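Here is the structure we will look at.
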Amino acid sequence: MARSLRSTANMRFAFRFVTFFCAVLSFPTLAQNSVQGYPDRPVRWIVPFAPSGPTDLMSRAVAEKLSQRLGQQFVVDNRAGAGGNIGAEVVSKSAPDGYTLMIGHVGTHAINVSLYPKVGFDPVRDFTPITLIATLPLALVIHPSVPAKDVKELIAYAKARPGQLNFASAGNGGPTHLTGELLKTSAAIDIVHVPYKGNAAALLDLVAGRVQMMFSNMLTAMPHVRAGKLRAVGISSAKRSPQAPDLPTIAESGLPGFSAVPWYGVLGPAALPRPIVNKINSEIAHALAERDMQERFVAQGIDLQSSTPEQLGALIKSEVVKWRKVVRDAGAKVD
C-alpha cells in the first residue's frame with residue numbers, strides 16, 4: 001500500500017514537472033506568435049492631460065505614425081486630471097497585453113509621487129518603460145527691467161535683493177515651478193514663487209512686468225525674446241538647444257551640474273511582454289526619425305529622441321530621487 005502511494009505521488013510529480021518544462025520551452029514560441037500578430041485590433045493610447053497641449057500634440061503625431069506603420073488604429077484617449085495621475089492610474093491597472101499604452105512625463109512619473117499626498121500607482125513598479133520620445137528644455141527669461149545680461153548677473157542681482165524678485169510658473173508643483181525652486185536652492189537666492197493657471201497667463205504678466213522672471217517652454221517664450229519684450233539668459237538643459245545655439249546653459253553659466261528638462265516617454269502596464277515592448281520601441285524610433293516629424297517638432301523647441309526601455313527605466317528612477325529632494329526643499333504640495 002505504501003509503495004503504491006509513493007508510486008502515485010512520484011507519477012504526479014513527474015507529470016507536473018513535464019508539464020512545467022513543456023510550458024517553459026513553449027513560452028518563446030507563444031511570445032513570438034503574440035508579437036507577430038500584434039496589433040490585431042485598435043490600441044488605446046492614453047494621454048493623461050487635456051487636448052491641445054504639447055503632450056497631446058506629440059501623442060497624436062506619434063499615434064498617427066504608428067497607425068500607418070502597423071495597420072491598426074492607435075486611438076488617443078485624453079484622461080486629464082490630478083496632474084496626470086488619473087490617466088496614469090488607468091494604465092497601471094490595465095491588462096499587460098499591449099493594447100493600452102500611455103505617454104508619461106516628468107510630472108506623472110517623477111514629480112507627482114512626492115508632490116501629491118496619495119497617488120494610485122507606483123511610477124516604477126507599476127509600469128513597463130518602452131521608449132523616451134522627447135525632451136523639452138526650458139528657457140530662463142526675465143523682464144527687461146531686471147538689469148542682468150546673463151545668469152551670473154541675475155544671481156548677483158537677486159542676492160542683493162532677497163525676497164524682492166518674483167518668479168512665475170505655469171502652476172504649483174509643475175516643471176516650471178520646480179525648476180525655479182531648483183535654481184533657488186542651487187544658487188542660494190531668495191526669490192518668491194507666483195503660480196499661474198497655465199504658461200500663457202504667466203508669460204502675459206512677465207511681459208507686463210508684474211513678475212520678473214520665469215522658466216518657460218521655448219515655443220512660447222522665444223517670440224517675446226525676439227520681439228525685445230523679454231530677455232533670455234539661460235536654458236535648463238545640460239546642453240544648448242539647436243533652436244537657440246547662442247543661449248548658454250545654466251550649468252555653464254555658474255551652476256555646474258544644473259539640469260532640469262521635462263521629458264516624455266511611452267509606457268505600458270507592468271509585465272508587458274518583452275517582444276511587444278521591442279516592437280513598439282522599434283516602430284516609434286522609426287517614426288521619430290522621419291523628416292516631417294523632426295521638422296514639425298524641432299521648430300517648436302521639442303527635441304525628439306528615442307531610447308531603449310532600460311534607458312527610460314533608469315531615467316525614471318533617477319528623476320524620482322532628484323525631484324523628491326526638490327519638492328521637499330521647496331515645501332511644495334498639491335492637495
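Identifiers in this document derive from the order of the C-alpha cells: chains are assigned A, B, ..., residues are numbered from 1 separately in each chain, and ligands are numbered from 1 in order of occurrence.
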
Please provide the set of residues having any atom within 7 Å of range 297-302 of chain A, restricted to only C-alpha atoms, with same-chain residues fewer than 2 positions apart removed, written as a list in words.
->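 That gives Ala134, Thr135, Leu136, Met218, Leu219, Gln243, Met293, Gln294, Glu295 and Leu304 of chain A.
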
Quick one: write out the picked residues with N, CA and C atoms as a compact mmCIF listing (two decimals), in the first residue's frame?
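Full text of out22.txt as output:
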```txt
# COMPACT_ATOMS: atom_id res chain seq x y z
N ALA A 134 10.76 62.39 -26.28
CA ALA A 134 11.13 63.80 -26.45
C ALA A 134 11.57 64.42 -25.14
N THR A 135 12.36 65.48 -25.27
CA THR A 135 12.66 66.35 -24.15
C THR A 135 12.31 67.78 -24.56
N LEU A 136 12.00 68.61 -23.58
CA LEU A 136 11.55 69.97 -23.86
C LEU A 136 12.26 70.95 -22.92
N MET A 218 10.30 76.95 -24.77
CA MET A 218 10.87 77.85 -25.76
C MET A 218 9.87 78.27 -26.83
N LEU A 219 8.92 77.40 -27.13
CA LEU A 219 7.94 77.71 -28.17
C LEU A 219 7.20 79.00 -27.85
N GLN A 243 17.59 75.23 -31.31
CA GLN A 243 16.72 76.37 -31.61
C GLN A 243 17.28 77.70 -31.10
N MET A 293 8.38 64.60 -38.98
CA MET A 293 8.28 64.68 -37.52
C MET A 293 9.36 65.58 -36.96
N GLN A 294 10.58 65.41 -37.44
CA GLN A 294 11.69 66.23 -36.96
C GLN A 294 11.45 67.71 -37.27
N GLU A 295 11.03 67.99 -38.48
CA GLU A 295 10.81 69.39 -38.88
C GLU A 295 9.67 70.02 -38.08
N LEU A 304 13.04 65.58 -30.32
CA LEU A 304 12.57 64.21 -30.44
C LEU A 304 13.75 63.26 -30.31
```

If you take only C-alpha atoms and a cut-off of 10 Å, which residues of range 80-199 of chain A touch range 255-269 of chain A, and what are their nearest atom pairs and distances in Å to one decimal, in chain and number order, as CSV?
```
residue,atom,partner,partner_atom,distance
A:Ala88,CA,A:Pro269,CA,9.4
A:Glu89,CA,A:Pro269,CA,9.6
A:Val90,CA,A:Pro269,CA,9.2
A:Val91,CA,A:Pro269,CA,5.8
A:Ser92,CA,A:Pro269,CA,4.9
A:Lys93,CA,A:Pro269,CA,6.9
A:Ser94,CA,A:Pro269,CA,6.2
A:Ala95,CA,A:Pro269,CA,6.9
A:Pro96,CA,A:Pro269,CA,5.3
A:Asp97,CA,A:Pro269,CA,8.4
A:Gly98,CA,A:Gly268,CA,7.0
A:Tyr99,CA,A:Gly268,CA,8.7
A:Thr100,CA,A:Gly268,CA,6.6
A:Leu101,CA,A:Gly268,CA,4.7
A:Met102,CA,A:Leu267,CA,5.5
A:Ile103,CA,A:Val266,CA,4.6
A:Gly104,CA,A:Gly265,CA,5.4
A:His105,CA,A:Tyr264,CA,4.3
A:Val106,CA,A:Pro262,CA,5.6
A:Gly107,CA,A:Pro262,CA,8.1
A:Thr108,CA,A:Tyr264,CA,9.8
A:His109,CA,A:Gly265,CA,9.4
A:Arg125,CA,A:Pro269,CA,9.3
A:Asp126,CA,A:Pro269,CA,6.2
A:Phe127,CA,A:Pro269,CA,4.5
A:Thr128,CA,A:Gly268,CA,5.1
A:Pro129,CA,A:Leu267,CA,4.7
A:Ile130,CA,A:Leu267,CA,5.2
A:Thr131,CA,A:Val266,CA,5.4
A:Leu132,CA,A:Gly265,CA,4.1
A:Ile133,CA,A:Gly265,CA,5.2
A:Ala134,CA,A:Tyr264,CA,5.2
A:Thr135,CA,A:Trp263,CA,4.2
A:Leu136,CA,A:Pro262,CA,5.4
A:Pro137,CA,A:Val261,CA,5.1
A:Leu138,CA,A:Val261,CA,6.8
A:Val151,CA,A:Leu255,CA,8.9
A:Lys152,CA,A:Leu255,CA,8.8
A:Gly174,CA,A:Pro262,CA,9.7
A:Pro175,CA,A:Pro262,CA,6.6
A:Thr176,CA,A:Pro262,CA,9.0
A:Leu178,CA,A:Ala260,CA,8.8
A:Thr179,CA,A:Ala260,CA,6.1
A:Gly180,CA,A:Ala260,CA,9.5
A:Leu182,CA,A:Ala260,CA,8.2
A:Leu183,CA,A:Phe258,CA,8.1
A:Ser186,CA,A:Leu255,CA,7.1
A:Ala187,CA,A:Leu255,CA,7.1
```

Distance criterion (only C-alpha atoms): nearest to Phe49 in chain A out of A:Leu66, A:Val326, A:Leu312, A:Val76 =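 Checking each candidate against Phe49 in chain A, we get A:Val76 as the closest.
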
Counting only C-alpha atoms, closest pick from A:Asn172, A:Gln73, A:Asn281, A:Ser59 relative to Asp40 in chain A is A:Gln73

Residues of range 60-114 of chain A in strand (DSSP E) according to DSSP, as a ChimeraX atom specification?
-> /A:74-78,100-105

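With only C-alpha atoms as the atoms that count, the minimum distance from Ala332 in chain A to the choices A:Gly234, A:Gly198, A:Pro117, A:Gly87 is reached by A:Pro117.
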
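Rounded to one decimal, CA of Ile276 in chain A and CA of Val75 in chain A lie 17.7 Å from each other.
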
Using DSSP on the backbone, list every residue of range 79-327 of chain A that comes out as alpha helix (DSSP H), and give them as a ChimeraX atom specification.
-> /A:85-92,106,112-115,151-159,175-187,199-207,218-226,274-289,291-298,309-327

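The interatomic distance for the pair CA of Arg231 in chain A and CA of Asn217 in chain A works out to 13.9 Å.
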
Counting only C-alpha atoms, the residue of A:Gly228, A:Pro275, A:Pro195, A:Pro54 that sits nearest His177 in chain A =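 Between A:Gly228, A:Pro275, A:Pro195, A:Pro54, the residue approaching His177 in chain A most closely is A:Pro195.
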
Can you tell me how far CA of Ala202 in chain A sits from CA of Gly254 in chain A, in Å to one decimal?
-> 26.2 Å

Return the single residue from A:Gly209, A:Pro245, A:Gly81, A:Gly313 that is closest to Ser145 in chain A, with distances computed using only C-alpha atoms.
->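 Checking each candidate against Ser145 in chain A, we get A:Gly209 as the closest.
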
So which one's closest to Ser67 in chain A, A:Leu154, A:Val334, A:Ile284, A:Val192? Using only C-alpha atoms, please.
->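 Checking each of A:Leu154, A:Val334, A:Ile284, A:Val192 against Ser67 in chain A, counting only C-alpha atoms, the winner is A:Ile284.
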